[in-house]
>>> print(open('data-v4.txt').read())   # compact mmCIF, C-alpha atoms
# COMPACT_ATOMS: atom_id res chain seq x y z
CA MET A 1 -31.49 23.24 -4.54
CA PRO A 2 -27.71 22.90 -4.28
CA GLN A 3 -26.10 24.77 -1.42
CA GLU A 4 -24.52 28.09 -2.42
CA TYR A 5 -20.77 28.60 -2.08
CA THR A 6 -19.77 30.69 0.94
CA ASP A 7 -16.37 31.65 2.29
CA PRO A 8 -15.20 29.06 4.82
CA ILE A 9 -14.77 29.69 8.53
CA TRP A 10 -11.20 28.93 9.56
CA ILE A 11 -10.54 26.99 12.77
CA THR A 12 -6.92 27.45 13.78
CA ASN A 13 -6.76 26.75 17.54
CA ASN A 14 -7.85 24.08 20.00
CA THR A 15 -10.40 26.24 21.85
CA THR A 16 -12.31 27.19 18.70
CA LEU A 17 -12.32 23.60 17.48
CA ASP A 18 -13.75 22.42 20.80
CA GLN A 19 -16.53 25.04 20.63
CA TYR A 20 -17.59 24.11 17.11
CA CYS A 21 -17.39 20.39 17.85
CA GLN A 22 -20.08 20.81 20.50
CA HIS A 23 -22.34 22.23 17.78
CA TRP A 24 -21.43 19.55 15.22
CA LEU A 25 -22.46 16.87 17.70
CA THR A 26 -26.05 18.07 17.22
CA CYS A 27 -25.97 17.74 13.41
CA GLU A 28 -27.76 14.84 11.72
CA ARG A 29 -25.21 14.84 8.90
CA ILE A 30 -22.02 16.60 7.91
CA ALA A 31 -19.87 16.49 4.79
CA LEU A 32 -16.12 15.96 5.12
CA ASP A 33 -13.04 16.01 2.93
CA THR A 34 -9.30 16.35 3.44
CA GLU A 35 -6.31 17.74 1.61
CA PHE A 36 -2.97 16.08 2.24
CA ILE A 37 0.47 15.46 0.76
CA ARG A 38 1.87 11.99 0.14
CA THR A 39 4.87 12.19 -2.12
CA ASP A 40 7.83 11.48 0.17
CA THR A 41 6.15 9.81 3.15
CA TYR A 42 4.53 6.52 4.08
CA TYR A 43 1.70 8.22 5.97
CA PRO A 44 -0.39 11.02 4.45
CA VAL A 45 0.68 14.44 5.72
CA PRO A 46 -2.54 16.28 6.71
CA ALA A 47 -2.86 19.77 5.30
CA LEU A 48 -6.54 20.69 5.65
CA ILE A 49 -9.89 19.30 6.79
CA GLN A 50 -13.05 20.65 5.17
CA LEU A 51 -16.42 20.29 6.93
CA ASN A 52 -19.87 21.33 5.73
CA THR A 53 -23.03 21.41 7.87
CA ALA A 54 -25.29 22.66 5.01
CA LYS A 55 -25.38 26.04 6.77
CA ALA A 56 -21.67 26.83 6.86
CA ILE A 57 -18.33 25.54 5.57
CA PHE A 58 -15.40 25.15 7.95
CA PHE A 59 -11.68 24.71 7.35
CA ILE A 60 -9.86 22.96 10.20
CA ASP A 61 -6.14 23.69 10.10
CA PRO A 62 -4.11 20.61 11.18
CA LEU A 63 -0.94 22.70 11.08
CA ASN A 64 -2.11 24.46 14.25
CA ILE A 65 -4.53 22.09 16.01
CA THR A 66 -2.97 19.77 18.61
CA GLN A 67 -5.96 18.56 20.65
CA TRP A 68 -8.18 16.31 18.55
CA GLN A 69 -10.33 14.65 21.22
CA PRO A 70 -13.41 16.86 20.59
CA PHE A 71 -13.22 16.14 16.87
CA GLN A 72 -12.78 12.43 17.58
CA ALA A 73 -16.13 12.54 19.42
CA VAL A 74 -17.75 14.08 16.34
CA LEU A 75 -16.29 11.48 14.01
CA GLU A 76 -17.57 8.65 16.22
CA HIS A 77 -21.00 10.11 17.09
CA PRO A 78 -23.52 7.43 16.07
CA ASN A 79 -26.34 9.87 15.26
CA CYS A 80 -24.36 12.06 12.89
CA LEU A 81 -23.85 10.71 9.37
CA LYS A 82 -20.52 11.57 7.77
CA ILE A 83 -20.66 12.06 3.99
CA LEU A 84 -17.45 11.75 1.94
CA HIS A 85 -16.47 10.89 -1.63
CA ALA A 86 -13.94 8.16 -2.51
CA CYS A 87 -12.69 8.38 1.03
CA SER A 88 -10.19 5.54 1.54
CA GLU A 89 -7.20 7.89 1.84
CA ASP A 90 -9.23 10.44 3.80
CA LEU A 91 -9.87 7.74 6.38
CA GLU A 92 -6.12 7.37 6.84
CA VAL A 93 -5.84 11.12 7.46
CA PHE A 94 -8.53 11.02 10.14
CA GLN A 95 -6.93 7.98 11.74
CA ARG A 96 -3.58 9.75 11.74
CA LEU A 97 -4.92 12.93 13.33
CA ALA A 98 -7.78 11.85 15.58
CA GLY A 99 -7.04 8.19 16.15
CA THR A 100 -10.36 7.16 14.63
CA THR A 101 -12.38 7.19 11.38
CA PRO A 102 -15.79 8.68 10.50
CA GLN A 103 -18.73 6.47 11.45
CA PRO A 104 -21.43 6.03 10.39
CA LEU A 105 -20.10 6.68 6.91
CA PHE A 106 -21.74 7.39 3.55
CA ASP A 107 -19.33 7.28 0.59
CA THR A 108 -20.93 9.03 -2.37
CA GLN A 109 -18.72 7.24 -4.89
CA LEU A 110 -19.94 3.86 -3.64
CA ALA A 111 -23.50 5.16 -3.41
CA ALA A 112 -23.34 6.35 -7.03
CA ALA A 113 -22.51 2.78 -8.05
CA TYR A 114 -25.46 1.41 -6.05
CA ALA A 115 -27.68 4.05 -7.64
CA ASN A 116 -26.41 2.74 -11.02
CA ILE A 117 -24.96 6.10 -12.04
CA GLY A 118 -21.49 4.70 -12.62
CA TYR A 119 -18.71 2.69 -11.02
CA SER A 120 -15.75 4.53 -9.44
CA ILE A 121 -17.16 7.85 -10.64
CA SER A 122 -15.28 11.07 -9.87
CA TYR A 123 -16.72 13.82 -7.67
CA LYS A 124 -16.54 16.26 -10.58
CA LYS A 125 -18.58 13.97 -12.84
CA LEU A 126 -21.08 13.14 -10.09
CA VAL A 127 -21.71 16.84 -9.44
CA ASN A 128 -22.24 17.35 -13.15
CA ILE A 129 -24.67 14.43 -13.50
CA LEU A 130 -26.77 15.14 -10.41
CA LEU A 131 -26.56 18.94 -10.17
CA GLY A 132 -25.67 20.04 -13.71
CA LEU A 133 -22.63 21.99 -12.50
CA ASP A 134 -19.05 22.03 -13.81
CA LEU A 135 -16.26 22.07 -11.22
CA ASP A 136 -12.77 23.45 -11.72
CA GLN A 137 -10.31 20.80 -10.46
CA ASN A 138 -7.05 22.55 -11.31
CA GLU A 139 -5.79 22.80 -7.72
CA THR A 140 -5.70 19.06 -7.01
CA ARG A 141 -1.91 18.81 -6.79
CA SER A 142 -1.07 22.23 -5.41
CA ASN A 143 0.82 22.82 -2.15
CA TRP A 144 -1.85 22.45 0.51
CA ARG A 145 0.50 23.10 3.43
CA GLN A 146 1.36 26.60 2.33
CA ARG A 147 -0.20 29.43 4.30
CA PRO A 148 -2.06 31.42 3.35
CA LEU A 149 -3.83 29.31 0.75
CA THR A 150 -4.52 31.03 -2.55
CA VAL A 151 -8.02 32.18 -3.43
CA ALA A 152 -8.21 29.37 -5.99
CA GLN A 153 -7.19 26.77 -3.39
CA VAL A 154 -9.78 28.00 -0.90
CA ARG A 155 -12.57 27.84 -3.47
CA TYR A 156 -11.48 24.39 -4.70
CA ALA A 157 -11.35 22.95 -1.19
CA ALA A 158 -14.71 24.43 -0.22
CA LEU A 159 -16.41 23.14 -3.36
CA ASP A 160 -15.20 19.63 -2.48
CA VAL A 161 -17.75 19.58 0.38
CA VAL A 162 -20.35 22.19 -0.53
CA TYR A 163 -22.39 19.82 -2.74
CA LEU A 164 -21.98 16.56 -0.82
CA ILE A 165 -25.06 16.97 1.35
CA GLU A 166 -27.35 17.59 -1.62
CA ILE A 167 -25.70 14.69 -3.46
CA HIS A 168 -26.40 12.47 -0.45
CA THR A 169 -30.07 13.45 -0.58
CA GLN A 170 -30.35 12.65 -4.27
CA LEU A 171 -28.48 9.35 -4.04
CA GLU A 172 -30.69 8.20 -1.17
CA ARG A 173 -33.74 9.04 -3.28
CA LEU A 174 -32.40 7.14 -6.30
CA MET A 175 -31.62 4.05 -4.20
CA ASN A 176 -35.06 4.16 -2.57
CA GLU A 177 -36.68 4.19 -6.01
CA LYS A 178 -34.95 0.97 -7.09
CA ALA A 179 -36.92 -2.29 -7.13
CA VAL A 180 -34.30 -3.72 -4.75
CA ASN A 181 -33.10 -0.99 -2.39
CA PRO A 182 -29.31 -1.46 -1.91
CA SER A 183 -28.97 0.93 1.07
CA LEU A 184 -28.10 -1.87 3.50
CA TRP A 185 -25.48 -3.20 1.07
CA LEU A 186 -23.93 0.27 0.90
CA LYS A 187 -23.81 0.50 4.70
CA ASP A 188 -22.06 -2.87 4.80
CA ASP A 189 -19.43 -1.67 2.31
CA CYS A 190 -18.87 1.57 4.22
CA ARG A 191 -18.34 -0.35 7.47
CA ARG A 192 -15.79 -2.55 5.71
CA MET A 193 -13.95 0.51 4.35
CA ASN A 194 -13.51 1.71 7.92
CA SER A 195 -12.35 -1.65 9.25
CA ALA A 196 -9.86 -2.05 6.38
CA ILE A 197 -7.85 0.88 7.76
CA PHE A 198 -7.09 -1.17 10.88
CA ASN A 199 -6.37 -4.46 9.08
CA GLN A 200 -3.27 -3.78 6.99
CA ASP A 201 -1.10 -6.85 7.58
CA ALA A 202 2.61 -6.67 6.74
CA ASN A 203 2.86 -10.45 7.11
CA THR A 204 0.77 -11.06 3.99
CA ALA A 205 2.28 -8.38 1.72
CA TRP A 206 4.60 -10.94 0.09
CA LYS A 207 1.62 -12.64 -1.55
CA GLN A 208 1.05 -9.55 -3.71
CA VAL A 209 4.53 -9.59 -5.30
CA LYS A 210 4.39 -10.18 -9.04
CA CYS A 211 5.20 -13.76 -10.12
CA VAL A 212 5.31 -14.96 -6.51
CA TRP A 213 4.12 -18.38 -7.70
CA GLN A 214 7.50 -18.96 -9.37
CA LEU A 215 9.35 -19.05 -6.05
CA ARG A 216 10.02 -22.12 -3.93
CA PRO A 217 8.99 -22.20 -0.22
CA GLN A 218 12.52 -21.40 0.98
CA GLN A 219 12.62 -18.41 -1.35
CA LEU A 220 9.18 -17.36 -0.17
CA SER A 221 10.55 -17.34 3.36
CA VAL A 222 13.12 -14.77 2.28
CA LEU A 223 10.51 -12.79 0.34
CA LYS A 224 8.21 -12.65 3.35
CA ALA A 225 11.03 -11.40 5.58
CA LEU A 226 11.98 -8.73 3.04
CA CYS A 227 8.38 -7.53 2.66
CA CYS A 228 7.91 -7.31 6.44
CA TYR A 229 11.16 -5.35 6.75
CA GLN A 230 10.14 -3.04 3.92
CA HIS A 231 6.72 -2.38 5.44
CA LYS A 232 7.88 -1.83 9.01
CA GLN A 233 10.85 0.32 8.08
CA ALA A 234 8.67 2.49 5.85
CA GLN A 235 6.34 3.06 8.80
CA LEU A 236 9.17 3.66 11.24
CA ARG A 237 10.96 6.17 8.99
CA ASP A 238 7.74 7.50 7.41
CA ILE A 239 9.00 7.07 3.88
CA PRO A 240 7.49 5.31 0.82
CA LYS A 241 8.06 1.54 0.84
CA GLY A 242 9.98 1.81 -2.43
CA ARG A 243 12.61 3.90 -0.63
CA VAL A 244 13.34 0.96 1.68
CA ILE A 245 13.42 -1.72 -1.03
CA PRO A 246 12.51 -0.94 -4.66
CA LYS A 247 9.26 -2.70 -5.47
CA GLY A 248 10.64 -4.37 -8.60
CA SER A 249 13.60 -5.84 -6.71
CA LEU A 250 11.78 -7.92 -4.10
CA TRP A 251 11.30 -10.97 -6.32
CA ALA A 252 14.94 -10.95 -7.50
CA LEU A 253 16.26 -10.60 -3.96
CA ALA A 254 14.23 -13.62 -2.85
CA ARG A 255 15.12 -15.65 -5.94
CA TYR A 256 18.89 -15.06 -6.01
CA GLN A 257 19.55 -14.25 -2.34
CA PRO A 258 22.83 -12.34 -2.71
CA ASP A 259 25.33 -12.95 0.09
CA ASN A 260 27.58 -9.93 -0.43
CA LEU A 261 27.32 -6.30 -1.53
CA ALA A 262 28.89 -6.97 -4.93
CA SER A 263 26.31 -9.60 -5.93
CA LEU A 264 23.55 -7.41 -4.51
CA SER A 265 24.62 -4.52 -6.74
CA HIS A 266 24.34 -6.73 -9.85
CA LEU A 267 20.60 -7.30 -9.43
CA ALA A 268 18.33 -5.41 -11.81
CA GLY A 269 16.88 -2.26 -10.31
CA ILE A 270 19.46 -1.98 -7.52
CA HIS A 271 21.25 1.39 -7.58
CA PRO A 272 24.73 1.84 -6.06
CA SER A 273 23.41 4.47 -3.63
CA PHE A 274 20.82 1.97 -2.46
CA VAL A 275 23.48 -0.69 -1.87
CA LYS A 276 25.49 1.78 0.19
CA LYS A 277 22.52 2.82 2.30
CA GLU A 278 20.51 -0.41 2.71
CA GLY A 279 22.78 -3.20 1.49
CA ASN A 280 24.11 -4.54 4.80
CA ALA A 281 20.68 -4.51 6.40
CA LEU A 282 19.20 -6.48 3.48
CA LEU A 283 21.97 -9.07 3.56
CA LYS A 284 21.29 -9.53 7.28
CA ILE A 285 17.54 -10.00 6.63
CA ILE A 286 18.27 -12.56 3.90
CA ARG A 287 20.68 -14.56 6.10
CA ALA A 288 18.20 -14.64 8.98
CA ALA A 289 15.41 -15.87 6.70
CA GLN A 290 17.70 -18.54 5.23
CA ASN A 291 18.21 -19.96 8.71
CA LEU A 292 14.51 -20.37 9.47
CA PRO A 293 13.40 -24.00 9.89
CA GLU A 294 11.52 -25.56 7.00
CA ALA A 295 8.37 -25.78 9.14
CA GLU A 296 8.18 -21.97 9.06
CA TRP A 297 8.47 -21.60 5.29
CA PRO A 298 5.33 -20.30 3.54
CA PRO A 299 3.59 -22.76 1.22
CA ARG A 300 4.23 -22.51 -2.51
CA GLN A 301 1.71 -20.22 -4.17
CA PRO A 302 -0.55 -21.39 -7.01
CA GLY A 303 0.36 -20.42 -10.55
CA PRO A 304 -1.84 -19.04 -13.32
CA LEU A 305 -5.14 -20.80 -13.91
CA PRO A 306 -4.99 -23.59 -16.52
CA LYS A 307 -6.72 -23.19 -19.86
CA LYS A 308 -9.28 -25.88 -19.06
CA ILE A 309 -10.89 -23.53 -16.50
CA GLN A 310 -11.25 -20.60 -18.91
CA PRO A 311 -14.82 -21.46 -20.00
CA TYR A 312 -15.87 -21.21 -16.36
CA GLY A 313 -14.19 -17.83 -16.02
CA LYS A 314 -16.26 -16.61 -18.95
CA ALA A 315 -19.33 -18.18 -17.35
CA ILE A 316 -18.74 -16.18 -14.16
CA LYS A 317 -18.52 -12.96 -16.17
CA ARG A 318 -21.76 -13.81 -17.93
CA PHE A 319 -23.51 -14.64 -14.65
CA LEU A 320 -22.38 -11.35 -13.11
CA ALA A 321 -23.53 -9.41 -16.17
CA GLU A 322 -26.96 -11.02 -15.91
CA GLN A 323 -27.20 -10.22 -12.20
CA ALA A 324 -26.08 -6.65 -12.86
CA HIS A 325 -28.87 -6.25 -15.39
CA ALA A 326 -31.45 -7.80 -13.08
CA LEU A 327 -30.48 -5.64 -10.09
CA ALA A 328 -29.70 -2.50 -12.14
CA LEU A 329 -26.18 -2.29 -10.69
CA PRO A 330 -22.71 -2.05 -12.26
CA LYS A 331 -21.24 -5.54 -12.58
CA GLU A 332 -17.92 -4.31 -11.13
CA ILE A 333 -19.53 -3.90 -7.73
CA PHE A 334 -20.22 -7.63 -7.26
CA LEU A 335 -17.01 -9.65 -7.02
CA PRO A 336 -13.35 -8.55 -7.06
CA SER A 337 -11.26 -10.42 -9.62
CA LYS A 338 -9.31 -12.09 -6.78
CA ILE A 339 -12.53 -13.65 -5.51
CA SER A 340 -13.43 -14.94 -8.98
CA THR A 341 -9.94 -16.44 -9.28
CA ALA A 342 -10.28 -18.12 -5.87
CA ILE A 343 -13.64 -19.59 -6.92
CA LEU A 344 -12.17 -21.00 -10.12
CA ARG A 345 -9.18 -22.44 -8.28
CA SER A 346 -11.45 -24.13 -5.73
CA GLY A 347 -13.11 -26.09 -8.51
CA ILE A 348 -9.77 -27.42 -9.74
CA ASN A 349 -8.57 -28.34 -6.27
CA ASP A 350 -11.77 -29.86 -4.85
CA GLY A 351 -13.79 -30.95 -7.86
CA GLN A 352 -16.55 -28.57 -6.77
CA PHE A 353 -16.64 -24.79 -6.78
CA SER A 354 -16.80 -23.07 -3.39
CA LEU A 355 -16.60 -19.57 -1.96
CA PRO A 356 -13.46 -18.29 -0.23
CA ASP A 357 -13.84 -17.40 3.43
CA ASN A 358 -12.93 -13.76 2.80
CA LEU A 359 -16.09 -13.17 0.77
CA GLN A 360 -18.38 -11.78 3.47
CA GLY A 361 -21.45 -9.59 3.82
CA TRP A 362 -24.30 -9.30 1.35
CA ARG A 363 -22.18 -10.46 -1.61
CA ARG A 364 -21.81 -13.93 -0.13
CA ASP A 365 -25.57 -14.53 0.09
CA VAL A 366 -26.88 -12.47 -2.82
CA ILE A 367 -24.19 -13.17 -5.43
CA GLY A 368 -21.76 -15.79 -4.16
CA GLN A 369 -24.03 -18.67 -3.17
CA PRO A 370 -26.24 -18.49 -6.30
CA LEU A 371 -23.09 -18.30 -8.45
CA ILE A 372 -21.61 -21.42 -6.82
CA ALA A 373 -24.83 -23.39 -7.29
CA TRP A 374 -25.02 -22.26 -10.93
CA LEU A 375 -21.39 -23.19 -11.62
CA ASN A 376 -21.54 -26.58 -9.91
CA GLU A 377 -24.67 -27.52 -11.84
CA ARG A 378 -22.82 -26.87 -15.08
CA LEU A 379 -19.68 -28.58 -13.83
CA SER A 380 -21.62 -31.78 -13.13
CA HIS A 381 -22.82 -31.87 -16.75
CA LYS A 382 -19.81 -30.48 -18.62
CA GLY A 383 -16.64 -31.20 -16.66
CA PHE A 384 -13.45 -29.15 -16.95
CA ASN A 385 -12.29 -30.56 -20.26
CA ASN A 386 -15.35 -29.59 -22.28
CA LYS A 387 -14.51 -26.68 -24.57
CA CYS A 388 -18.06 -25.69 -25.47
CA HIS A 389 -19.91 -22.68 -24.09
CA LEU A 390 -21.51 -23.16 -20.67
CA ASN A 391 -25.11 -22.17 -21.26
>>> encode(input="data-v4.txt", output="structure tokens")
Amino acid sequence: MPQEYTDPIWITNNTTLDQYCQHWLTCERIALDTEFIRTDTYYPVPALIQLNTAKAIFFIDPLNITQWQPFQAVLEHPNCLKILHACSEDLEVFQRLAGTTPQPLFDTQLAAAYANIGYSISYKKLVNILLGLDLDQNETRSNWRQRPLTVAQVRYAALDVVYLIEIHTQLERLMNEKAVNPSLWLKDDCRRMNSAIFNQDANTAWKQVKCVWQLRPQQLSVLKALCCYQHKQAQLRDIPKGRVIPKGSLWALARYQPDNLASLSHLAGIHPSFVKKEGNALLKIIRAAQNLPEAEWPPRQPGPLPKKIQPYGKAIKRFLAEQAHALALPKEIFLPSKISTAILRSGINDGQFSLPDNLQGWRRDVIGQPLIAWLNERLSHKGFNNKCHLN
């Protein structure tokens, strides 16, 4: 039976948090969620932490708590499972407040995919499918830092955790009933979600800029410097990266490399107020990058895949669809599109398909290696210039 809604217990001082944390350390599992604001800042601004033990719901008020060490111990306790839904941004909130992230972790959105309920499913829909209940989600974008919260806000925030423990029970049951139990694969994904919070690299952000392949190595050197500046300044000032350098202007700045404020102001997307505020700093970054030795320039990035590889791209999609059917899993859970692109590019460059090093965990063995063997077998018979279907 789903847990009944009860009014939450507010925790608004360090002493009370410490007392409850000692109890939470004895729990086998807890459900967690956060409310935060992220409109004018780089980092999420914590507004509320919701915690459910299946016996009571708690609201931890980050506007008043200053000592997070007891809660850090709860988040890291190895014998207490932390259940969250679609928690990537929640992990940032916990890292910001407590200096750590929940572990071990069970993400119900990921688990729903492994249970073959749906890929990237919302909490509202998951509650409806598994428990037959309809949730009111009208308070999603309300002001969570106001005090007191409205009655509607309190109920919304409590309902975000009240059903997670029962959902965890049902998802575990559904995964256990599958011919191939994916529980270990889910644990692997949850571990990687946690580690991703600590592996955000400003030095590689330039590779994600649209049409980066059109730029020469010297221009890429400027682009890399601009992206690093944008990232680090956004962190330092705690503002969105687009407030430092507009996202759509990075490519043009690297391509045309203005050397004065007038030429900077003529670039598309550059507003006069931006030139006044950031212009001199950007010109300095550009000049410094221009003076870097050629040995430090990034390599030119590959362009779009050629048409001759398209049949193999379709073959990958067909292979993944077949594996999804065989394992009763959504095909989207197998390989990110960037991995598929890297596989296709490896065949062009090396004459044989291979897996990129960044494909790790169960996907490499269960999906990646069989896919490579399957592709290379067809490549040896068909070649890249054959236009027929790859059966």
>>> residues_around(input="data-v4.txt", residues="Lys207 of chain A", least_positions_apart="6", cutoff="10 Å", atoms="only C-alpha atoms", output="number ranges by chain")
A: 213, 220, 223-224, 227, 298, 301
>>> residues_around(input="data-v4.txt", residues="Gly361 of chain A", least_positions_apart="6", cutoff="10 Å", atoms="only C-alpha atoms", output="PyMOL selection string")
chain A and resi 185+188-189+192
>>> atom_distance(input="data-v4.txt", atom1="atom CA of Glu4 of chain A", atom2="atom CA of His23 of chain A")
21.1 Å
>>> residues_around(input="data-v4.txt", residues="Pro70 of chain A", least_positions_apart="5", cutoff="8 Å", atoms="all atoms listed in the file", output="ChimeraX atom specification")
/A:17-18,21-22
>>> closest_residue(input="data-v4.txt", among="A:Leu375, A:Cys80, A:Val154, A:Leu131", to="Glu35 of chain A", atoms="all atoms listed in the file")
A:Val154
>>> atom_distance(input="data-v4.txt", atom1="atom CA of Pro336 of chain A", atom2="atom CA of Leu359 of chain A")
9.5 Å
>>> atom_distance(input="data-v4.txt", atom1="atom CA of Cys190 of chain A", atom2="atom CA of Gln19 of chain A")
28.7 Å
>>> closest_residue(input="data-v4.txt", among="A:Ala115, A:Ala47, A:Leu292, A:Ile83", to="Arg96 of chain A", atoms="only C-alpha atoms")
A:Ala47
>>> residues_around(input="data-v4.txt", residues="Leu226 of chain A", least_positions_apart="6", cutoff="9 Å", atoms="only C-alpha atoms", output="CSV table (one decimal) with C-alpha atoms, keeping the file's coordinate frame")
chain,number,residue,atom,x,y,z
A,206,TRP,CA,4.6,-10.9,0.1
A,245,ILE,CA,13.4,-1.7,-1.0
A,250,LEU,CA,11.8,-7.9,-4.1
A,253,LEU,CA,16.3,-10.6,-4.0
A,254,ALA,CA,14.2,-13.6,-2.8
A,282,LEU,CA,19.2,-6.5,3.5
A,285,ILE,CA,17.5,-10.0,6.6
A,286,ILE,CA,18.3,-12.6,3.9
A,289,ALA,CA,15.4,-15.9,6.7
>>> closest_residue(input="data-v4.txt", among="A:Gln3, A:Ser273, A:Asn143, A:Gln323", to="Arg38 of chain A", atoms="only C-alpha atoms")
A:Asn143
>>> closest_residue(input="data-v4.txt", among="A:Glu76, A:Glu92, A:Asp61, A:Asp238", to="Pro8 of chain A", atoms="all atoms listed in the file")
A:Asp61
>>> closest_residue(input="data-v4.txt", among="A:Pro356, A:Gly248, A:Pro302, A:Gly368", to="Phe319 of chain A", atoms="all atoms listed in the file")
A:Gly368
>>> closest_residue(input="data-v4.txt", among="A:Leu133, A:Ala262, A:Leu110, A:Leu327", to="Ala86 of chain A", atoms="all atoms listed in the file")
A:Leu110
>>> decode(input="data-v4.txt", residues="segment 358-364 of chain A", atoms="all heavy atoms", output="mmCIF file, in the first residue's frame")
data_model
loop_
_atom_site.group_PDB
_atom_site.id
_atom_site.type_symbol
_atom_site.label_atom_id
_atom_site.label_comp_id
_atom_site.auth_asym_id
_atom_site.auth_seq_id
_atom_site.Cartn_x
_atom_site.Cartn_y
_atom_site.Cartn_z
ATOM 1 N N ASN A 358 35.734 5.998 -23.693
ATOM 2 C CA ASN A 358 34.803 6.495 -22.684
ATOM 3 C C ASN A 358 33.530 5.675 -22.570
ATOM 4 O O ASN A 358 32.654 6.000 -21.758
ATOM 5 C CB ASN A 358 34.453 7.968 -22.940
ATOM 6 C CG ASN A 358 33.772 8.176 -24.282
ATOM 7 O OD1 ASN A 358 33.830 7.328 -25.162
ATOM 8 N ND2 ASN A 358 33.124 9.321 -24.440
ATOM 9 N N LEU A 359 33.395 4.600 -23.348
ATOM 10 C CA LEU A 359 32.282 3.673 -23.134
ATOM 11 C C LEU A 359 32.737 2.647 -22.105
ATOM 12 O O LEU A 359 33.556 1.771 -22.405
ATOM 13 C CB LEU A 359 31.868 2.984 -24.431
ATOM 14 C CG LEU A 359 30.705 1.987 -24.281
ATOM 15 C CD1 LEU A 359 29.439 2.691 -23.814
ATOM 16 C CD2 LEU A 359 30.441 1.231 -25.582
ATOM 17 N N GLN A 360 32.232 2.741 -20.897
ATOM 18 C CA GLN A 360 32.663 1.888 -19.800
ATOM 19 C C GLN A 360 31.461 1.158 -19.208
ATOM 20 O O GLN A 360 30.330 1.348 -19.598
ATOM 21 C CB GLN A 360 33.356 2.740 -18.720
ATOM 22 C CG GLN A 360 34.599 3.479 -19.197
ATOM 23 C CD GLN A 360 35.728 2.547 -19.583
ATOM 24 O OE1 GLN A 360 35.854 1.442 -19.037
ATOM 25 N NE2 GLN A 360 36.553 2.970 -20.539
ATOM 26 N N GLY A 361 31.761 0.304 -18.223
ATOM 27 C CA GLY A 361 30.698 -0.386 -17.499
ATOM 28 C C GLY A 361 30.060 -1.496 -18.316
ATOM 29 O O GLY A 361 30.628 -2.007 -19.284
ATOM 30 N N TRP A 362 28.848 -1.854 -17.933
ATOM 31 C CA TRP A 362 28.166 -2.993 -18.528
ATOM 32 C C TRP A 362 27.909 -2.787 -20.020
ATOM 33 O O TRP A 362 27.878 -3.754 -20.779
ATOM 34 C CB TRP A 362 26.843 -3.257 -17.797
ATOM 35 C CG TRP A 362 25.778 -2.226 -18.028
ATOM 36 C CD1 TRP A 362 25.546 -1.104 -17.316
ATOM 37 C CD2 TRP A 362 24.791 -2.240 -19.067
ATOM 38 N NE1 TRP A 362 24.490 -0.392 -17.824
ATOM 39 C CE2 TRP A 362 24.006 -1.075 -18.903
ATOM 40 C CE3 TRP A 362 24.501 -3.104 -20.109
ATOM 41 C CZ2 TRP A 362 22.938 -0.771 -19.747
ATOM 42 C CZ3 TRP A 362 23.438 -2.797 -20.954
ATOM 43 C CH2 TRP A 362 22.671 -1.654 -20.769
ATOM 44 N N ARG A 363 27.714 -1.545 -20.457
ATOM 45 C CA ARG A 363 27.411 -1.292 -21.868
ATOM 46 C C ARG A 363 28.548 -1.740 -22.778
ATOM 47 O O ARG A 363 28.310 -2.164 -23.914
ATOM 48 C CB ARG A 363 27.120 0.196 -22.082
ATOM 49 C CG ARG A 363 25.788 0.651 -21.521
ATOM 50 C CD ARG A 363 25.579 2.148 -21.695
ATOM 51 N NE ARG A 363 24.287 2.556 -21.171
ATOM 52 C CZ ARG A 363 24.047 2.805 -19.896
ATOM 53 N NH1 ARG A 363 25.032 2.695 -19.012
ATOM 54 N NH2 ARG A 363 22.838 3.154 -19.491
ATOM 55 N N ARG A 364 29.766 -1.624 -22.316
ATOM 56 C CA ARG A 364 30.906 -2.004 -23.149
ATOM 57 C C ARG A 364 30.870 -3.501 -23.458
ATOM 58 O O ARG A 364 31.076 -3.917 -24.596
ATOM 59 C CB ARG A 364 32.223 -1.625 -22.453
ATOM 60 C CG ARG A 364 33.434 -1.767 -23.368
ATOM 61 C CD ARG A 364 34.694 -1.224 -22.725
ATOM 62 N NE ARG A 364 35.778 -1.201 -23.702
ATOM 63 C CZ ARG A 364 36.053 -0.197 -24.508
ATOM 64 N NH1 ARG A 364 35.326 0.894 -24.459
ATOM 65 N NH2 ARG A 364 37.050 -0.264 -25.378
#
